[in-house]
Every structure is written in structure tokens, then in C-alpha cells.
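**Student:** Sending over a structure as C-alpha cells; questions will come in a sec.
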Amino acid sequence: MNLTHLETFLEIAETGNFNKAAENLHVTQSTVSARVKALEDSLGRTLFKRNHNGVELSPAGRQLQRYTASMLRLWKQARHEVCLPPGLNATLALSSQFSLWSRLILHWMPWMRQHAPDVALRLDTNYSNAMMRQLSDGVLDIGVMYSPRQIPGLRIEKLLEEQLVMVSTSPVKEPDDWRKNYILVDWGDVFRNIHNEHFPDMATPPIYVGLGDLGLRYILENGGSGYFPMRVVRPHLQAGELFLVPDTPTIQRPAYMVYAKSSNNKALVDQALEGLRIIAASESEE
């Protein structure tokens, strides 16, 4: 099966249009049509149905779409490992949620370079659900995330626990003063559930952000309050730029590392996991 045909199939499935797919792939529409026909001939099934808006996947096309992205990721991983330059003997693929990158992964990378200099690191950031799919597909060795799911064949290990505290850009002297300019940062399902338990009567805040760094930058520049990791706001507290809001709870946010119970690279994965444990422990002591 031609991988270019599979890439073309995915592009059409995403755009719903042969012409748009051809434009994105920088080929002619006739080339796209020829690739689809060759793929359909090899499978003996029609993959697309035409409609007034373009095309949509046939039942066979929907089945193929479930596997195509994984097939292409596996091929790219295999190509990366086969084409390692001299001095590198193995590859380790790790993905992490963005908010854990600066705390863990940036410190873990030099640790790995020191302890496993012959290993090529393939690193990425992603959301928990995407990482779980990649772990299941076998294209990812380790995922570092906040909200893992129990999936057969994968092991979930608690790595650290974030301490989320409410801070404000000015001292809060009266109860509930912080509510006036409160920003709700989405720290995940666990945080939302605990937050709702503590503040069941809170009206919908005027600002809701899905990225903690964005929320912190906003209140530092414009004033306000919100929940952020203690490790992040500590320098601002010491500098008098932020203040802890009294009588508000600290919310725990655990982070986990997820990996396969069995792996062809078990020794390497175990070494990488140990490095993450060491970095997490040193960060917790600060």
C-alpha cells in the first residue's frame, strides 16, 4: 500500500473536497483522483461518496480512517529509528502536556543526554486523550499528563502533585472581593469538580482561559485573581506582585506518567522513567 495514497486519503477526509486536498498537497486534482482510485482498487472498496458539498466518507472509508493516522505515525517513527545517524543507537518518544514542560521535561532532557547520550529523543506536547491514543498505538513510549484513562496494556504512575493556590494582584481585605475580577483557568476535570464543590454559588466568570500561562500574564498586566501553581506564582509573591487570597482552599492537581506494561525498549524506557522520578522529586523539594 502506497503511503502517499494514504496521506492523500486523509487530506480528502479532513477537507471533504478533492480540489482543496489537491491544493493543500500541491498536486493537481487529477493526481488526487488517481491516488484515490489506486487505493480503492487495492482495497476493493469505494472510500468516498460524492454530495452537493463535495465528498464524504463511505462506510469503508470511515473504517480506513480509524487506522490510517496510526499507520502513518508508525511509519514515520520507523523511518526515524532506521535512519539514526552514527553515534545514536535508539529512539525514545515522549509527549507531555504543555504546562508540565518547563517544570519537568526541560530538566529531564539534559538528564537523558547525560545518562543516555546514544539515545535520540523525539519530544512533543499534546493533550491527554491524544497521548493515550498514541500510547495505545505504540508510537509513544511515555506520556506525561494530568488526566490519563485506564487502558489495557498501559501502566499509570503518579509522578507529582501540583499545589494550586488562589492569588490576586492586590491584597484582598474583604471576603469575596476577589470575585470581582476573577479569571477561571481550566486546569482539567479534577480541578473543575473540586472548584465547583468549594464555590457552588459562583456565577460564570467573565474570562475563562484554557492555558494557565495566558491567565497569569493577563492578571499581571490587567489585575485580577485566579488559581495557579504555587511553584509558578512563588516568585511573584516574593516580589509583591501577587498576594495569596485568604480563606480559599489549596487544590491538589496530580500529574502522571503513562507507559506500556511491556516494551521492546524496556531498559531504555525504565531509565527514562527513573529520570522523570528524579526530576519530579527534586522539583517537589524546592
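We name chains A, B, ... following the order of the C-alpha cells; residues begin at 1 in each chain, and ligands are numbered from 1 as shown.
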Can you build me a table of region 180-261 of chain A residues sitting at most 12 Å from region 86-97 of chain A, with the closest atom pair per residue and its distance in Å to one decimal, using only C-alpha atoms, sorted by chain and residue number, as a tab-separated table?

**Tutor:**
```
residue	atom	partner	partner_atom	distance
A:Trp187	CA	A:Gln97	CA	11.3
A:Gly188	CA	A:Gln97	CA	11.5
A:Leu211	CA	A:Gln97	CA	10.8
A:Gly212	CA	A:Gln97	CA	11.8
A:Ala255	CA	A:Gln97	CA	9.7
A:Tyr256	CA	A:Ser96	CA	10.0
A:Met257	CA	A:Ser96	CA	8.9
A:Val258	CA	A:Leu94	CA	10.0
A:Tyr259	CA	A:Leu94	CA	9.7
```

**Student:** Determine which residues of region 41-138 of chain A DSSP labels as strand (DSSP E) from the backbone of this structure, then write them out as a list in words.

**Tutor:**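 Going through region 41-138 of chain A, the strand (DSSP E) residues come out as Phe48, Lys49, Arg50, Asn51, Gly54, Val55, Glu56, Leu57, Ala90, Thr91, Leu92, Ala93, Leu94, Ser95, Ser96, Val119, Ala120, Leu121, Arg122, Leu123, Asp124 and Thr125 of chain A.
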
**Student:** Those same residues, written as a PDB file, in the first residue's frame with C-alpha atoms?

**Tutor:**
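Ended up saving to result05.pdb:
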```pdb
ATOM      1  CA  PHE A  48     -15.849   8.355  -0.797  1.00  0.00           C
ATOM      2  CA  LYS A  49     -19.384   9.294  -1.769  1.00  0.00           C
ATOM      3  CA  ARG A  50     -19.982  12.494  -3.689  1.00  0.00           C
ATOM      4  CA  ASN A  51     -22.576  15.016  -2.494  1.00  0.00           C
ATOM      5  CA  GLY A  54     -18.041  17.784  -2.114  1.00  0.00           C
ATOM      6  CA  VAL A  55     -17.408  14.263  -0.833  1.00  0.00           C
ATOM      7  CA  GLU A  56     -17.971  12.301   2.343  1.00  0.00           C
ATOM      8  CA  LEU A  57     -16.542   9.063   3.599  1.00  0.00           C
ATOM      9  CA  ALA A  90      17.927   4.019  19.845  1.00  0.00           C
ATOM     10  CA  THR A  91      14.965   6.384  19.928  1.00  0.00           C
ATOM     11  CA  LEU A  92      12.666   7.337  22.794  1.00  0.00           C
ATOM     12  CA  ALA A  93       9.360   9.105  22.140  1.00  0.00           C
ATOM     13  CA  LEU A  94       7.864  11.199  24.933  1.00  0.00           C
ATOM     14  CA  SER A  95       4.948  13.624  24.933  1.00  0.00           C
ATOM     15  CA  SER A  96       3.866  15.957  27.724  1.00  0.00           C
ATOM     16  CA  VAL A 119      19.570   7.852  22.514  1.00  0.00           C
ATOM     17  CA  ALA A 120      17.685  10.157  20.143  1.00  0.00           C
ATOM     18  CA  LEU A 121      14.792  11.920  21.899  1.00  0.00           C
ATOM     19  CA  ARG A 122      11.567  12.544  19.978  1.00  0.00           C
ATOM     20  CA  LEU A 123       9.552  15.041  22.025  1.00  0.00           C
ATOM     21  CA  ASP A 124       6.157  16.656  21.635  1.00  0.00           C
ATOM     22  CA  THR A 125       3.367  18.392  23.554  1.00  0.00           C
TER      23      THR A 125
END
```

**Student:** Please run DSSP on the backbone and report, as number ranges by chain, all residues within region 3-59 of chain A that come out as alpha helix (DSSP H).

**Tutor:** A: 3-15, 18-25, 29-43, 59

**Student:** Report the closest atom pair, with its distance in Å rounded to one decimal, for each residue of region 210-255 of chain A that has an atom no farther than 12 Å from region 137-156 of chain A; count only C-alpha atoms, sort by chain and then rising residue number, and write it as a Markdown table.

**Tutor:**
```
| residue | atom | partner | partner_atom | distance |
| --- | --- | --- | --- | --- |
| A:Gln252 | CA | A:Tyr146 | CA | 11.3 |
| A:Arg253 | CA | A:Tyr146 | CA | 7.6 |
| A:Pro254 | CA | A:Tyr146 | CA | 6.3 |
| A:Ala255 | CA | A:Tyr146 | CA | 4.5 |
```

**Student:** Could you save the residues just selected, with N, CA and C atoms, as a PDB file, in the first residue's frame?

**Tutor:**
```
ATOM      1  N   GLN A 252      -5.326  20.339  44.987  1.00  0.00           N
ATOM      2  CA  GLN A 252      -4.272  19.442  44.527  1.00  0.00           C
ATOM      3  C   GLN A 252      -4.564  19.013  43.084  1.00  0.00           C
ATOM      4  N   ARG A 253      -3.525  19.019  42.263  1.00  0.00           N
ATOM      5  CA  ARG A 253      -3.657  18.584  40.873  1.00  0.00           C
ATOM      6  C   ARG A 253      -2.555  17.574  40.554  1.00  0.00           C
ATOM      7  N   PRO A 254      -2.853  16.284  40.611  1.00  0.00           N
ATOM      8  CA  PRO A 254      -1.814  15.280  40.362  1.00  0.00           C
ATOM      9  C   PRO A 254      -1.471  15.161  38.887  1.00  0.00           C
ATOM     10  N   ALA A 255      -0.221  14.833  38.618  1.00  0.00           N
ATOM     11  CA  ALA A 255       0.263  14.556  37.260  1.00  0.00           C
ATOM     12  C   ALA A 255       0.807  13.133  37.231  1.00  0.00           C
TER      13      ALA A 255
END
```

**Student:** Could you list, as number ranges by chain, every residue within 12 Å of Ser282 (chain A), counting only C-alpha atoms and ignoring same-chain residues fewer than 6 positions away?

**Tutor:** A: 103-104, 107-108, 159-160, 275-276

**Student:** Could you state the separation of CA of Val190 (chain A) and CA of Ala203 (chain A) in Å, given to one decimal place?

**Tutor:**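 Taking CA of Val190 (chain A) and CA of Ala203 (chain A), their separation equals 19.3 Å.
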
**Student:** Which residues, written as a PyMOL selection string, have at least one atom at most 10 Å from Gly223 (chain A), with only C-alpha atoms counted and residues fewer than 4 positions away on the same chain left out?

**Tutor:** chain A and resi 168-170+181-183+216-219+242

**Student:** Write out as an NGL selection string each polymer residue whose atoms come within 12 Å of region 231-240 of chain A, counting only C-alpha atoms; drop sequence neighbours fewer than 3 positions from it.

**Tutor:** :A and (99-100 or 102-103 or 161-171 or 212-213 or 215-217 or 219-220 or 225-228 or 243-245 or 283-286)

**Student:** Please report, as JSON lines, each residue of region 66-180 of chain A lying at most 8 Å from region 3-16 of chain A, together with the nearest pair of atoms and the separation in Å rounded to one decimal; use only C-alpha atoms, and order rows by chain and ascending residue number.

**Tutor:**
```
{"residue": "A:Thr68", "atom": "CA", "partner": "A:Leu6", "partner_atom": "CA", "distance": 6.6}
{"residue": "A:Ala69", "atom": "CA", "partner": "A:Leu10", "partner_atom": "CA", "distance": 7.7}
{"residue": "A:Leu72", "atom": "CA", "partner": "A:Leu3", "partner_atom": "CA", "distance": 7.3}
```

**Student:** Quick one: residues within 6 Å of region 28-36 of chain A, only C-alpha atoms counted, chain neighbours fewer than 2 positions away excluded, as a PyMOL selection string?

**Tutor:** chain A and resi 5+19+22+38-39
